[in-house]
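A.B. asks: Before I ask anything, here is the structure I am working with.
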Amino acid sequence: MDLSYKWLKELTGVDWPVEEMGERLTLSGTACEYIRAADAHMDRVVVGEVTDVQPVEGASKIKLATVNLGKTKMDVICGAPNVDVGQTVPVALEGARLAGDMVIKKVKIRGIESSAMICSERELGISDDHSGIMVLEDDARVGVPLAEQLDYNDYIMTFELTPNRADSMSAIGIARDLAALASTKVIKPATDLKESSQKADSKIKVRIEDPVGCPRYAARIIRNVKIGPSPWWMKKKLLMSGVRPISNIVDITNLVMLETGHPLHAFDLERFGSDEVVVRRAADKEKFVTLDGAEHTLSSQVLLITNGKTGVAAGGIMGGLDSEVESSTTDILLEAAYFDPVVIRRGRKELGMVTESSMRFEKGADPNGIPYAINRAASLMQQLCGGEVLAGIVDCYPEEIKPKQISLRPARCNYVLGVHLSEERMKEVLTGLEFRVSGKGTLETEVPTFRPDITREIDLIEEIARIDGYDKIPDATANIGPLFTPIHFEDKFRSDVRRLLTGCGFDEMVNHGLTDSHLAALLNPDLSQVKILNPVSADLDIMRNTLVQTTLNVISHNIAHRNVDLCLFELGKAYQPGNGEDDWCEYQKLSLAVSGNTPHTWRDKPRSYDFSDLAGALSLLGEHFGWGRLNFEPQSNRYFEREISFAIMCGNIMVGIVGKMNRKIAAEFEIKQDVYLAELDLNPLIAISGRLTEYQPLPVYPAAPRDLAVVVDDHVRAGELVETVKEAGGEMAESVEIFDLYRGKQIAAGKKSVAISINYRSKTGNLTAAQVDERQAAVVNKLKEKFKAQIRDK
Amino acid sequence: MSLLDEVTRIKQEALEQIGKADSAERLAEIQVKYLGRKGAITAVLKGLKDLSLDEKKTVGAAANKTKAALEQQIKDAIEAFSAAGEKTGFDPTLPGTRSRVGAIHIVNQVIDDICQIFHGMGFTIARGPDVETDYYNFEALNFAPDHPARDMQDTMFVEGDRLLRTHTTPVQARTLEKQQPPIKIITPGLCFRNEAISSRAHVAFHQVDGFLVDEGVTMADLKGALVAFCKAFFGEKLKLKFRPSFFPFTEPSAEVDISCFLCNGKGCQVCKQSGWLEILGCGMIHPNVLEKAEIDSEKYTGYAFGIGVERPAMLKYRINDIRLFFNNDIRFLRQFG
Ligand SMILES: [Zn+2]
């Protein structure tokens with residue numbers, strides 16, 4: 001909300017400099033986001049009188065105007081349609097810097113030299129009107145600076161209001177906080193009224209059929225008004241708040257809304273269509289045309305002000321076209337009502353519009369502020385439009401909304417805030433905000449109805465804290481709360497996984513989980529999806545049910561940006577819908593993926609990433625967390641290539657999948673290169689993870705290493721060979737490693753040579769060569785027997 | 001000084017100069033200076049004839065030994081120079097051999113940093129579901145039934161009467177239900193809002209919430225804790241400003257601005273010349289929230305705060321596009337490795 005700085009000064013008498021006023025309001029909860037000089041674009045702009053207007057030869061759109069600037073006269077080229085002799089206008093002289101960074105320079109158009117410009121409101125930063133030049137009041141003083149003429153030596157303060165503070169959506173509302181900060185009082189504008197003898201209720205009656213939606217409806221009748229432009233002081237206040245002046249009657253309702261926060265509406269009484277206001281809900285499919293000309297088909301969500309037959313206003317939102325005030329209007333029906341915030345909110349959503357009025361009612365207007373607001377407007381209509389105000393307010397208020405009573409214990413206030421304020425200071429703050437306070441020891445507080453946000457003691461405590469100043473609350477330096485702060489194993493687990501995998505060269509991804517349902521169905525047609533009812537875009541319409549999908553998205557994104565060598569992991573969740581409260585499922589997962597080539601250095605030539613890079617990372621994690629051996633069991637999976645697709649088994653629990661991406665599926669993600677991918681379920685793995693394993697004493701007796709190269713059929717798996725060697729080697733075979741793999745010319749086709757290194761050692765004594773030879777022979781025999789292995793000569 | 005001492009001194013001086021010599025030319029000079037026809041050692045040898053027989057023996061031996069030693073040293077040093085420069089072609093400027101270490105995602109680095117500071121202050125990590133119920137996301141946190149945040153416009157809803165949590169504060173509501181005070185919890189996690197994705201706004205973001213409930217927790221404790229955190233996280237010289245604000249689940253509520261760490265509060269483009277950066281929201285836990293969890297709001301008070309993760313990272317590293325966090329482009333990720 002924008003407000004004039006001078007207006008706030010006028011309402012409080014507080015004369016702090018604008019920056020200080022902004023800062024102190026900000027620090028008390030009314031955030032002043034921005035301050036700008038109202039006359040920022042009026043430097044070197046003066047009032048001139050148009051004394052002559054001549055056409056320019058050969059140019060139909062521009063004219064040559066002569067302006068009298070008091071001491072000098074000047075010829076000015078002007079393109080505005082409305083320039084005319086006798087007008088007083090703003091003239092920007094050479095060097096003036098207008099809105100939009102337009103600097104006035106000497107120019108030559110059609111051979112005519114012009115070094116000044118007659119300005120529109122937009123060019124002066126007054127409004128966004130650029131339809132023609134701004135025409136000043138007739139009594140504008142020729143030659144004086146424009147800012148002085150318009151009283152624009154002022155600042156526009158932009159306030160960002162919190163949604164709870166309905167009361168601060170007005171000049172008086174902000175002035176109230178300002179006055180409390182400065183320990184002074186708001187100077188409310190007077191409402192001097194001379195009512196005529198004729199009674200208003202002889203002209204209009206009010207009936208409320210929906211007292212929930214409209215608890216109070218008040219009306220006044222003002223007769224014989226003269227519609228015309230508003231005086232400048234009023235236009236200025238409106239313009240500085242970004243409200244366009246229209247005519248005196250409409251401007252008055254807008255001004256009083258800005259001033260008091262209470263939206264008003266003026267009807268043309270003659271065009272109102274009856275002598276009774278009836279407030280009811282709209283019928284289903286009832287038609288109504290708002291004053292912006294839009295036709296609406298209503299439902300019972302909308303509260304309708306009617307003349308007993310047809311709608312005249314969408315209550316609290318916008319007036320109707322048929323009863324709008326026009327230039328010929330003479331008699332006014334002035335409405336000041338209080339509408340229920342929820343009803344307004346639903347109504348304006350139904351109508352698809354937000355207005356200055358609906359915003360204020362939606363946050364909560366003051367039902368008891370109605371008399372002041374309607375009287376203030378009526379007195380201005382009397383004063384400025386020559387209106388005759390009929391006697392009395394026709395006030396329908398079936399059930400009075402009374403102020404709340406809340407007790408405040410000063411000790412509690414100090415306890416919560418950690419301060420030592422006196423009871424007197426608390427009283428002073430609350431009284432300053434127009435709360436009525438009585439009592440001692442416990443402060444009995446009556447909350448004014450313009451503060452619907454205050455509902456219990458803690459709210460009063462906040463009022464005291466914010467006006468006294470948060471900066472007065474000390475920064476406690478003692479640490480309080482429990483001393484025992486466990487680190488949950490799950491968190492340590494994550495950080496260990498991160499440390500280990502980044503140590504192996506994997507980069508960590510973070511995905512938000514929103515993804516495309518179609519691609520998800522392509523990967524897992526039978527897996528249920530968590531569907532978003534109102535997705536921001538069609539490709540983010542579910543929460544992922546597997547990390548595989550988002551991993552492929554990331555690979556695809558990187559490849560598209562020519563990052564083709566990838567080694568990625570993510571710790572994240574996969575989501576599944578549930579049937580009830582407890583079986584809603586979020587699964588902790590770990591995804592790993594490699595694609596492209598290993599790094600290329602001057603020493604190491606790159607090779608393709610492959611399955612073993614994932615197997616290596618998995619075995620590293622397995623060793624670290626003590627999972628034991630992870631086995632890969634063949635298991636078909638529609639998004640892996642058939643021969644490289646495995647279930648990851650930890651004992652007999654399946655803890656994940658690993659494989660090579662199917663080319664066709666990868667192509668759907670626009671990936672053409674090989675991708676190896678694994679996804680682990682972390683919950684079962686976390687459950688069996690533990691770092692602490694028993695210490696193994698260091699060996700006492702020397703080891704006897706033996707190498708062995710065997711030629712076996714190509715289909716024999718390395719794992720089987722190792723297992724067999726271990727079995728045959730018994731306890732004596734301390735470690736068994738594969739150190740070479742060869743296929744090629746030197747051995748028969750369909751065969752491979754596997755080199756195995758066995759480290760023999762005894763825990764109880766030195767091994768003799770004979771003992772080792774004997775055991776090695778047993779190993780060899782077993783391999784021959786089981787795999788028809790041939791022993792290769794060294 | 002005896003001649004023997006003189007020999008020792010010459011030797012030391014010569015060795016020192018050999019050590020300092022930075023070229024073969026310089027070494028040649030040193031050779032002339034000490035071993036040449038008019039060199040220092042030569043002079044000693046020439047002077048032997050004036051000595052007694054005993055002295056001749058000892059000094060002569062020492063001088064000859066020194067001469068031989070220096071000759072060898074100079075020769076070795078000259079060879080070393082030519083070997084380094086010409087013979088082997090050893091190149092120390094080739095890139096060192098190392099394996100590549102991956103990068104922990106910047107979001108997780110920031111979360112870890114925040115959590116570590118709070119862990120030092122006695123907070124324990126708690127987590128909760130991302131797909132939440134209306135109850136924990138809104139109702140338990142004192143959001144009015146018609147609060148705008150509960151709109152489809154602001155929140156993404158999920159089939160089965162759930163929603164994507166809009167903050168990590170629901171974990172507070174869940175924890176309060178399960179535990180009795182004292183409770184001191186920090187809750188990092190993913191949050192969502194119904195917003196079109198652009199360089200400045202995203203449908204998802206991370207947040208770290210924290211709260212403390214105990215007897216006698218005051219707003220002064222809240223201020224103290226956040227001052228300590230901000231100094232630890234952003235830098236010790238920092239200034240803080242607590243501004244009254246509004247959140248349904250805290251009362252009184254505040255927003256915390258820190259003096260801009262890029263310009264030290266002088267005003268720059270990042271802080272929009274204000275010298276201040278809006279960094280977190282906080283307040284005293286609303287008694288309604290405690291009461292919803294059946295905690296005695298007279299006996300216990302508490303504070304809560306929430307800090308975004310992407311925003312401080314964007315400020316700190318001048319990241320101008322929030323989408324980079326979720327694109328996982330390795331060129332971005334690896335900058336934080
Ligand atoms: Zn700055």
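Note on naming: chains are A, B, ... as they come in the structure tokens, residues start from 1 per chain, ligands start from 1 in the order shown.
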Distance cut-off 6 Å, counting only C-alpha atoms - which residues of chain B neighbour chain A? Return them as a PyMOL selection string.
C.D. replies: chain B and resi 100-105+122+124+156-159+196+218-221+223-224+243-245+252+326+328-329
A.B. asks: Go ahead and write the residues just picked, N, CA and C atoms, as a PDB file, in the first residue's frame.
C.D. replies:
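In the end it all went to part.pdb:
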ATOM      1  N   ARG B 100      39.824 -38.523  -9.061  1.00  0.00           N
ATOM      2  CA  ARG B 100      38.863 -37.441  -8.936  1.00  0.00           C
ATOM      3  C   ARG B 100      37.933 -37.712  -7.765  1.00  0.00           C
ATOM      4  N   VAL B 101      37.733 -36.673  -6.954  1.00  0.00           N
ATOM      5  CA  VAL B 101      36.784 -36.781  -5.847  1.00  0.00           C
ATOM      6  C   VAL B 101      35.500 -36.097  -6.285  1.00  0.00           C
ATOM      7  N   GLY B 102      34.360 -36.731  -6.018  1.00  0.00           N
ATOM      8  CA  GLY B 102      33.078 -36.147  -6.408  1.00  0.00           C
ATOM      9  C   GLY B 102      32.688 -35.010  -5.486  1.00  0.00           C
ATOM     10  N   ALA B 103      31.609 -34.321  -5.858  1.00  0.00           N
ATOM     11  CA  ALA B 103      31.152 -33.167  -5.077  1.00  0.00           C
ATOM     12  C   ALA B 103      29.886 -33.519  -4.306  1.00  0.00           C
ATOM     13  N   ILE B 104      29.866 -33.162  -3.037  1.00  0.00           N
ATOM     14  CA  ILE B 104      28.614 -33.245  -2.277  1.00  0.00           C
ATOM     15  C   ILE B 104      27.756 -32.078  -2.740  1.00  0.00           C
ATOM     16  N   HIS B 105      26.486 -32.327  -2.997  1.00  0.00           N
ATOM     17  CA  HIS B 105      25.611 -31.278  -3.528  1.00  0.00           C
ATOM     18  C   HIS B 105      25.606 -30.073  -2.599  1.00  0.00           C
ATOM     19  N   GLY B 122      22.964 -27.932  20.846  1.00  0.00           N
ATOM     20  CA  GLY B 122      22.123 -28.900  21.550  1.00  0.00           C
ATOM     21  C   GLY B 122      20.884 -29.351  20.805  1.00  0.00           C
ATOM     22  N   THR B 124      18.837 -31.678  18.013  1.00  0.00           N
ATOM     23  CA  THR B 124      18.914 -32.992  17.386  1.00  0.00           C
ATOM     24  C   THR B 124      18.087 -32.972  16.099  1.00  0.00           C
ATOM     25  N   MET B 156       0.373 -27.560  -3.417  1.00  0.00           N
ATOM     26  CA  MET B 156       0.072 -28.653  -4.328  1.00  0.00           C
ATOM     27  C   MET B 156      -0.579 -29.786  -3.550  1.00  0.00           C
ATOM     28  N   PHE B 157      -1.702 -30.230  -4.043  1.00  0.00           N
ATOM     29  CA  PHE B 157      -2.428 -31.298  -3.374  1.00  0.00           C
ATOM     30  C   PHE B 157      -2.234 -32.614  -4.117  1.00  0.00           C
ATOM     31  N   VAL B 158      -2.407 -33.685  -3.339  1.00  0.00           N
ATOM     32  CA  VAL B 158      -2.116 -35.012  -3.840  1.00  0.00           C
ATOM     33  C   VAL B 158      -3.370 -35.849  -3.666  1.00  0.00           C
ATOM     34  N   GLU B 159      -3.578 -36.778  -4.558  1.00  0.00           N
ATOM     35  CA  GLU B 159      -4.717 -37.694  -4.416  1.00  0.00           C
ATOM     36  C   GLU B 159      -4.652 -38.358  -3.053  1.00  0.00           C
ATOM     37  N   ALA B 196       5.111 -21.372 -10.664  1.00  0.00           N
ATOM     38  CA  ALA B 196       5.763 -21.653 -11.937  1.00  0.00           C
ATOM     39  C   ALA B 196       7.270 -21.547 -11.750  1.00  0.00           C
ATOM     40  N   THR B 218      12.320 -18.003  26.646  1.00  0.00           N
ATOM     41  CA  THR B 218      11.847 -16.636  26.386  1.00  0.00           C
ATOM     42  C   THR B 218      12.274 -16.164  25.002  1.00  0.00           C
ATOM     43  N   MET B 219      11.707 -15.041  24.622  1.00  0.00           N
ATOM     44  CA  MET B 219      12.089 -14.446  23.344  1.00  0.00           C
ATOM     45  C   MET B 219      13.555 -14.009  23.381  1.00  0.00           C
ATOM     46  N   ALA B 220      14.055 -13.708  24.561  1.00  0.00           N
ATOM     47  CA  ALA B 220      15.477 -13.360  24.675  1.00  0.00           C
ATOM     48  C   ALA B 220      16.342 -14.570  24.315  1.00  0.00           C
ATOM     49  N   ASP B 221      15.872 -15.769  24.692  1.00  0.00           N
ATOM     50  CA  ASP B 221      16.617 -16.983  24.331  1.00  0.00           C
ATOM     51  C   ASP B 221      16.611 -17.177  22.823  1.00  0.00           C
ATOM     52  N   LYS B 223      16.346 -14.832  20.549  1.00  0.00           N
ATOM     53  CA  LYS B 223      17.252 -13.853  19.941  1.00  0.00           C
ATOM     54  C   LYS B 223      18.705 -14.288  20.115  1.00  0.00           C
ATOM     55  N   GLY B 224      19.037 -14.713  21.329  1.00  0.00           N
ATOM     56  CA  GLY B 224      20.416 -15.130  21.603  1.00  0.00           C
ATOM     57  C   GLY B 224      20.841 -16.277  20.704  1.00  0.00           C
ATOM     58  N   ARG B 243      12.621  -7.888  13.073  1.00  0.00           N
ATOM     59  CA  ARG B 243      11.437  -7.095  12.703  1.00  0.00           C
ATOM     60  C   ARG B 243      10.184  -7.874  13.005  1.00  0.00           C
ATOM     61  N   PRO B 244       9.179  -7.237  13.617  1.00  0.00           N
ATOM     62  CA  PRO B 244       7.920  -7.949  13.845  1.00  0.00           C
ATOM     63  C   PRO B 244       7.326  -8.437  12.526  1.00  0.00           C
ATOM     64  N   SER B 245       6.775  -9.634  12.547  1.00  0.00           N
ATOM     65  CA  SER B 245       6.192 -10.189  11.330  1.00  0.00           C
ATOM     66  C   SER B 245       5.002 -11.057  11.722  1.00  0.00           C
ATOM     67  N   PRO B 252       4.876 -13.834  19.783  1.00  0.00           N
ATOM     68  CA  PRO B 252       5.204 -12.892  18.722  1.00  0.00           C
ATOM     69  C   PRO B 252       6.073 -13.549  17.639  1.00  0.00           C
ATOM     70  N   PHE B 326      18.515 -27.790  -8.929  1.00  0.00           N
ATOM     71  CA  PHE B 326      17.851 -29.052  -9.249  1.00  0.00           C
ATOM     72  C   PHE B 326      18.213 -29.598 -10.622  1.00  0.00           C
ATOM     73  N   ASN B 328      21.234 -30.271 -11.553  1.00  0.00           N
ATOM     74  CA  ASN B 328      22.322 -31.227 -11.329  1.00  0.00           C
ATOM     75  C   ASN B 328      23.274 -31.313 -12.514  1.00  0.00           C
ATOM     76  N   ASP B 329      23.554 -30.166 -13.105  1.00  0.00           N
ATOM     77  CA  ASP B 329      24.562 -30.092 -14.156  1.00  0.00           C
ATOM     78  C   ASP B 329      25.919 -30.243 -13.461  1.00  0.00           C
TER      79      ASP B 329
END
A.B. asks: Please identify all protein, DNA and RNA residues within 8 Å of ligand 1, counting only C-alpha atoms and all ligand atoms, and report them as a JSON list (two decimals) with N, CA, C and O atoms, in the first residue's frame.
C.D. replies:
[["chain", "number", "residue", "atom", "x", "y", "z"],
["B", 259, "SER", "N", 23.06, -7.88, 8.45],
["B", 259, "SER", "CA", 23.77, -6.87, 7.66],
["B", 259, "SER", "C", 24.41, -7.60, 6.48],
["B", 259, "SER", "O", 24.92, -8.70, 6.64],
["B", 260, "CYS", "N", 24.31, -7.00, 5.31],
["B", 260, "CYS", "CA", 24.75, -7.65, 4.08],
["B", 260, "CYS", "C", 26.22, -8.05, 4.18],
["B", 260, "CYS", "O", 27.09, -7.22, 4.43],
["B", 261, "PHE", "N", 26.49, -9.36, 4.01],
["B", 261, "PHE", "CA", 27.87, -9.83, 4.17],
["B", 261, "PHE", "C", 28.70, -9.60, 2.92],
["B", 261, "PHE", "O", 29.89, -9.87, 2.90],
["B", 262, "LEU", "N", 28.06, -9.11, 1.87],
["B", 262, "LEU", "CA", 28.81, -8.84, 0.65],
["B", 262, "LEU", "C", 29.38, -7.43, 0.66],
["B", 262, "LEU", "O", 30.46, -7.19, 0.15],
["B", 263, "CYS", "N", 28.63, -6.49, 1.26],
["B", 263, "CYS", "CA", 29.09, -5.09, 1.26],
["B", 263, "CYS", "C", 29.30, -4.60, 2.68],
["B", 263, "CYS", "O", 29.52, -3.41, 2.89],
["B", 264, "ASN", "N", 29.22, -5.50, 3.66],
["B", 264, "ASN", "CA", 29.31, -5.12, 5.07],
["B", 264, "ASN", "C", 28.32, -4.02, 5.45],
["B", 264, "ASN", "O", 28.62, -3.15, 6.27],
["B", 265, "GLY", "N", 27.16, -4.08, 4.85],
["B", 265, "GLY", "CA", 26.11, -3.15, 5.25],
["B", 265, "GLY", "C", 26.17, -1.78, 4.58],
["B", 265, "GLY", "O", 25.37, -0.91, 4.88],
["B", 266, "LYS", "N", 27.11, -1.63, 3.64],
["B", 266, "LYS", "CA", 27.23, -0.32, 2.99],
["B", 266, "LYS", "C", 26.18, -0.13, 1.91],
["B", 266, "LYS", "O", 25.87, 0.98, 1.52],
["B", 267, "GLY", "N", 25.64, -1.23, 1.41],
["B", 267, "GLY", "CA", 24.67, -1.13, 0.32],
["B", 267, "GLY", "C", 25.29, -1.59, -0.98],
["B", 267, "GLY", "O", 26.33, -1.10, -1.39],
["B", 268, "CYS", "N", 24.66, -2.59, -1.61],
["B", 268, "CYS", "CA", 25.16, -3.08, -2.90],
["B", 268, "CYS", "C", 23.98, -3.61, -3.69],
["B", 268, "CYS", "O", 22.84, -3.55, -3.24],
["B", 269, "GLN", "N", 24.28, -4.16, -4.86],
["B", 269, "GLN", "CA", 23.21, -4.62, -5.74],
["B", 269, "GLN", "C", 22.43, -5.77, -5.10],
["B", 269, "GLN", "O", 21.21, -5.83, -5.20],
["B", 270, "VAL", "N", 23.15, -6.67, -4.44],
["B", 270, "VAL", "CA", 22.51, -7.86, -3.87],
["B", 270, "VAL", "C", 21.51, -7.47, -2.77],
["B", 270, "VAL", "O", 20.40, -7.99, -2.71],
["B", 271, "CYS", "N", 21.88, -6.53, -1.92],
["B", 271, "CYS", "CA", 20.98, -6.12, -0.83],
["B", 271, "CYS", "C", 20.09, -4.96, -1.27],
["B", 271, "CYS", "O", 19.45, -4.32, -0.44],
["B", 272, "LYS", "N", 20.06, -4.68, -2.54],
["B", 272, "LYS", "CA", 19.27, -3.58, -3.10],
["B", 272, "LYS", "C", 19.57, -2.27, -2.39],
["B", 272, "LYS", "O", 18.66, -1.51, -2.05],
["B", 273, "GLN", "N", 20.82, -2.05, -2.12],
["B", 273, "GLN", "CA", 21.33, -0.83, -1.49],
["B", 273, "GLN", "C", 20.86, -0.62, -0.06],
["B", 273, "GLN", "O", 21.11, 0.41, 0.55],
["B", 274, "SER", "N", 20.17, -1.61, 0.51],
["B", 274, "SER", "CA", 19.64, -1.39, 1.86],
["B", 274, "SER", "C", 20.67, -1.72, 2.93],
["B", 274, "SER", "O", 20.56, -1.29, 4.06],
["B", 275, "GLY", "N", 21.68, -2.51, 2.57],
["B", 275, "GLY", "CA", 22.65, -2.94, 3.57],
["B", 275, "GLY", "C", 22.18, -4.12, 4.40],
["B", 275, "GLY", "O", 22.90, -4.61, 5.25],
["B", 276, "TRP", "N", 20.96, -4.58, 4.13],
["B", 276, "TRP", "CA", 20.39, -5.68, 4.92],
["B", 276, "TRP", "C", 19.88, -6.79, 4.03],
["B", 276, "TRP", "O", 19.42, -6.54, 2.92],
["B", 277, "LEU", "N", 19.94, -8.01, 4.53],
["B", 277, "LEU", "CA", 19.41, -9.17, 3.82],
["B", 277, "LEU", "C", 18.41, -9.88, 4.71],
["B", 277, "LEU", "O", 18.69, -10.16, 5.88]]
A.B. asks: Please, which residues of range 272-484 of chain A, numbered as in this document, come out helix (DSSP H, G or I) from DSSP, as an MDAnalysis selection string?
C.D. replies: chainID A and resid 272 341:351 356:363 367:385 410:417 423:432 457:468 470:472
A.B. asks: Set the distance at 12 Å and use only C-alpha atoms: which residues neighbour Ala43 in chain B once local chain neighbours fewer than 4 positions away are removed? I'd like the list as a JSON list (two decimals) with N, CA and C atoms, in the first residue's frame.
C.D. replies:
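Ended up saving to result.json:
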[["chain", "number", "residue", "atom", "x", "y", "z"],
["B", 3, "LEU", "N", 96.41, -21.06, 11.75],
["B", 3, "LEU", "CA", 96.17, -21.39, 10.35],
["B", 3, "LEU", "C", 95.15, -22.53, 10.19],
["B", 6, "GLU", "N", 91.91, -21.11, 10.35],
["B", 6, "GLU", "CA", 91.67, -20.39, 9.11],
["B", 6, "GLU", "C", 91.18, -21.36, 8.04],
["B", 7, "VAL", "N", 91.77, -22.57, 7.99],
["B", 7, "VAL", "CA", 91.34, -23.58, 7.02],
["B", 7, "VAL", "C", 89.88, -23.95, 7.25],
["B", 10, "ILE", "N", 87.62, -21.13, 6.10],
["B", 10, "ILE", "CA", 87.53, -21.07, 4.64],
["B", 10, "ILE", "C", 86.60, -22.17, 4.13],
["B", 33, "LYS", "N", 87.90, -18.66, -6.71],
["B", 33, "LYS", "CA", 88.09, -17.89, -5.49],
["B", 33, "LYS", "C", 88.81, -18.69, -4.40],
["B", 34, "TYR", "N", 88.51, -19.98, -4.32],
["B", 34, "TYR", "CA", 89.09, -20.76, -3.22],
["B", 34, "TYR", "C", 90.22, -21.69, -3.68],
["B", 35, "LEU", "N", 90.09, -22.22, -4.89],
["B", 35, "LEU", "CA", 91.03, -23.26, -5.30],
["B", 35, "LEU", "C", 91.98, -22.81, -6.41],
["B", 36, "GLY", "N", 91.72, -21.61, -6.95],
["B", 36, "GLY", "CA", 92.52, -21.13, -8.06],
["B", 36, "GLY", "C", 93.95, -20.77, -7.61],
["B", 37, "ARG", "N", 94.72, -20.30, -8.59],
["B", 37, "ARG", "CA", 96.12, -20.01, -8.29],
["B", 37, "ARG", "C", 96.25, -18.95, -7.20],
["B", 38, "LYS", "N", 95.31, -18.05, -7.15],
["B", 38, "LYS", "CA", 95.37, -17.04, -6.10],
["B", 38, "LYS", "C", 94.28, -17.28, -5.07],
["B", 39, "GLY", "N", 93.78, -18.52, -5.05],
["B", 39, "GLY", "CA", 92.66, -18.83, -4.16],
["B", 39, "GLY", "C", 93.08, -18.92, -2.70],
["B", 47, "GLY", "N", 101.65, -20.76, 2.23],
["B", 47, "GLY", "CA", 102.18, -20.25, 3.49],
["B", 47, "GLY", "C", 102.77, -21.32, 4.39],
["B", 48, "LEU", "N", 102.66, -22.58, 4.00],
["B", 48, "LEU", "CA", 103.13, -23.68, 4.84],
["B", 48, "LEU", "C", 104.64, -23.58, 5.12],
["B", 49, "LYS", "N", 105.34, -23.08, 4.14],
["B", 49, "LYS", "CA", 106.81, -23.08, 4.24],
["B", 49, "LYS", "C", 107.31, -22.30, 5.44],
["B", 60, "GLY", "N", 98.92, -28.77, 6.60],
["B", 60, "GLY", "CA", 98.99, -29.21, 5.21],
["B", 60, "GLY", "C", 97.97, -30.29, 4.93],
["B", 63, "ALA", "N", 94.51, -28.75, 4.87],
["B", 63, "ALA", "CA", 94.28, -27.92, 3.69],
["B", 63, "ALA", "C", 94.08, -28.77, 2.46],
["B", 64, "ASN", "N", 94.86, -29.82, 2.33],
["B", 64, "ASN", "CA", 94.72, -30.70, 1.17],
["B", 64, "ASN", "C", 93.39, -31.44, 1.19],
["B", 67, "LYS", "N", 90.78, -29.00, 0.25],
["B", 67, "LYS", "CA", 90.86, -28.72, -1.19],
["B", 67, "LYS", "C", 90.15, -29.82, -1.98]]
A.B. asks: Mind checking which residues fall within 6 Å of range 297-311 of chain A, counting only C-alpha atoms, ignoring those fewer than 5 positions away in the same chain, and posting them as a list in words?
C.D. replies: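 Here the qualifying residues turn out to be Ser274, Glu276, Val277, Val278, Val279, Arg280, Arg281, Ala282, Ala283, Asp284, Lys285, Glu286, Lys287 and Gly347 of chain A.
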A.B. asks: Go ahead and save the picked residues with C-alpha atoms, as a PDB file, in the first residue's frame.
C.D. replies:
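Printed below is again07.pdb as written:
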ATOM      1  CA  SER A 274     -36.530   1.008  -5.205  1.00  0.00           C
ATOM      2  CA  GLU A 276     -35.357  -0.681  -0.021  1.00  0.00           C
ATOM      3  CA  VAL A 277     -31.946  -2.271   0.238  1.00  0.00           C
ATOM      4  CA  VAL A 278     -32.165  -6.039   0.580  1.00  0.00           C
ATOM      5  CA  VAL A 279     -28.996  -7.998   1.326  1.00  0.00           C
ATOM      6  CA  ARG A 280     -29.152 -11.637   0.298  1.00  0.00           C
ATOM      7  CA  ARG A 281     -27.178 -14.428  -1.342  1.00  0.00           C
ATOM      8  CA  ALA A 282     -27.356 -14.562  -5.114  1.00  0.00           C
ATOM      9  CA  ALA A 283     -29.599 -17.199  -6.616  1.00  0.00           C
ATOM     10  CA  ASP A 284     -27.982 -19.945  -8.660  1.00  0.00           C
ATOM     11  CA  LYS A 285     -27.222 -18.698 -12.187  1.00  0.00           C
ATOM     12  CA  GLU A 286     -28.427 -15.189 -11.339  1.00  0.00           C
ATOM     13  CA  LYS A 287     -26.930 -12.701 -13.790  1.00  0.00           C
ATOM     14  CA  GLY A 347     -17.399 -14.527  -3.384  1.00  0.00           C
TER      15      GLY A 347
END
A.B. asks: Need to verify the contact set: range 224-233 of chain A, 6 Å, only C-alpha atoms, exclusion of same-chain residues closer than 4 positions in sequence. Can you return it as a VMD selection string?
C.D. replies: chain A and resid 247 to 248 327 330 to 331 385 to 387
A.B. asks: Please measure the separation of CA of Thr166 in chain B and CA of Ser517 in chain A, giving the value in Å to one decimal.
C.D. replies: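 CA of Ser517 in chain A lies 21.9 Å from CA of Thr166 in chain B.
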A.B. asks: Could you write out, as a VMD selection string, all the residues of range 111-254 of chain B that DSSP marks as strand (DSSP E)?
C.D. replies: chain B and resid 124 to 125 131 to 132 157 to 158 162 to 164 183 to 192 204 to 215 240 to 247 250 to 254
A.B. asks: Determine, counting only C-alpha atoms, which protein, DNA and RNA residues have an atom within 10 Å of an atom of Thr66 in chain B; residues of the same chain fewer than 4 positions away are not included. Present the result as number ranges by chain.
C.D. replies: B: 7-8, 10-12, 14, 35, 41, 60-62, 70-72
A.B. asks: Have a look at CA of Tyr372 in chain A and CA of Asp453 in chain A and let me know their distance in Å, one decimal.
C.D. replies: 21.2 Å
